[in-house]
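So the structure is just underneath, and the comments pick up after that.
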Amino acid sequence: MNAVAAFVREADRDRWLATLYAPEPVRPALLAVHALDLELAKVVATTTEPMIGRIRLAWWRERLEALEREVPAQPVLQALAADVLPHGVSGAMLAGFEDAWLALLDGDDTGHIGLRGSAVGRVLAKLLGGDEATGAVLLTNWAAGEMARQGQSAQSVTVPRAAKALRPLAGLAALGRRDVARGGDGPEPRAAAARQWTLLRAALIGR
């Protein structure tokens with residue numbers, strides 16, 4: 001297991017397990033995208049001054065926008081260049097991830113959910129060969145669940161059964177709906193048996 005895969009497995013077992021339902025050749029690309037989102041989340045989580053957070057996020061955006069021309073000696077950026085860009089995903093598309101985290105820094109929880117779900121969902125759907133708009137809706141449910149796990153108010157939406165290509169994203173959407181439904185009960189442990197069943201069910205039936 002390479003460093004990026006190990007990072008995702010350690011930081012977010014749900015996403016690592018969901019990736020295992022994707023075709024093996026595309027898994028490194030999916031994990032690299034998740035790792036990018038996790039790196040940006042870490043920036044915001046460890047920032048005490050919003051201005052410092054914006055500067056750190058801007059560093060990521062600049063490196064992503066230039067990724068086709070220059071690849072820094074940073075494991076996640078190297079994985080994105082090697083595994084994601086060859087699938088037709090541009091550095092500019094990945095740079096759009098920053099918008100979601102800027103919204104959170106500004107206290108816009110609802111905007112954060114929509115921007116995060118759309119940015120991550122569209123890229124993952126493209127990598128999986130599925131409809132990008134559907135990917136955005138699925139991952140917006142997941143992003144809502146992530147906010148709910150932080151104790152913030154969030155709402156999920158009903159989505160149609162996902163096509164086979166997007167079943168790994170349907171699993172994350174199902175987990176998001178589960179977390180929103182728990183409300184104030186506190187975050188359920190990641191990769192708990194019930195969550196693994198939720199992932200398996202969504203992978204089989206698409207929701």
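Simple scheme: letters A, B, ... for chains in structure tokens order, numbers from 1 for residues in each chain, numbers from 1 for ligands in the order shown.
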Practice problem: Pick out the residues sitting within 8 Å of Asp83 in chain A, and hand them over as a PyMOL selection string; count only C-alpha atoms, and ignore anything fewer than 4 positions along from it in its own chain. | Solution: chain A and resi 28-29+32+79+87
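Among the candidates A:Ala100, A:Ala170, A:Leu31, A:Leu138, the one nearest to Ala11 in chain A when counting only C-alpha atoms is A:Leu31.
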Quiz item: Interatomic distance between CA of Ala174 in chain A and CA of Trp142 in chain A?
Solution: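 Between CA of Ala174 in chain A and CA of Trp142 in chain A the gap works out to 7.3 Å.
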Practice problem: Can you work out which one of A:Ala81, A:Ala136, A:Leu199, A:Leu105 has the shortest atom-to-atom distance to Leu172 in chain A, counting only C-alpha atoms? | Solution: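 Among the listed residues, A:Leu199 lies closest to Leu172 in chain A.
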Practice problem: Choose the residue, out of A:Ala125, A:Met51, A:Leu57, A:Val4, that has the smallest atom-to-atom separation from Gln78 in chain A; count only C-alpha atoms. | Solution: A:Val4
Quiz prompt | Ser118 in chain A surroundings by only C-alpha atoms, 7 Å radius, close-in-sequence under 4 positions cut, as a VMD selection string | solution = chain A and resid 114 122 136 to 137 139 to 140
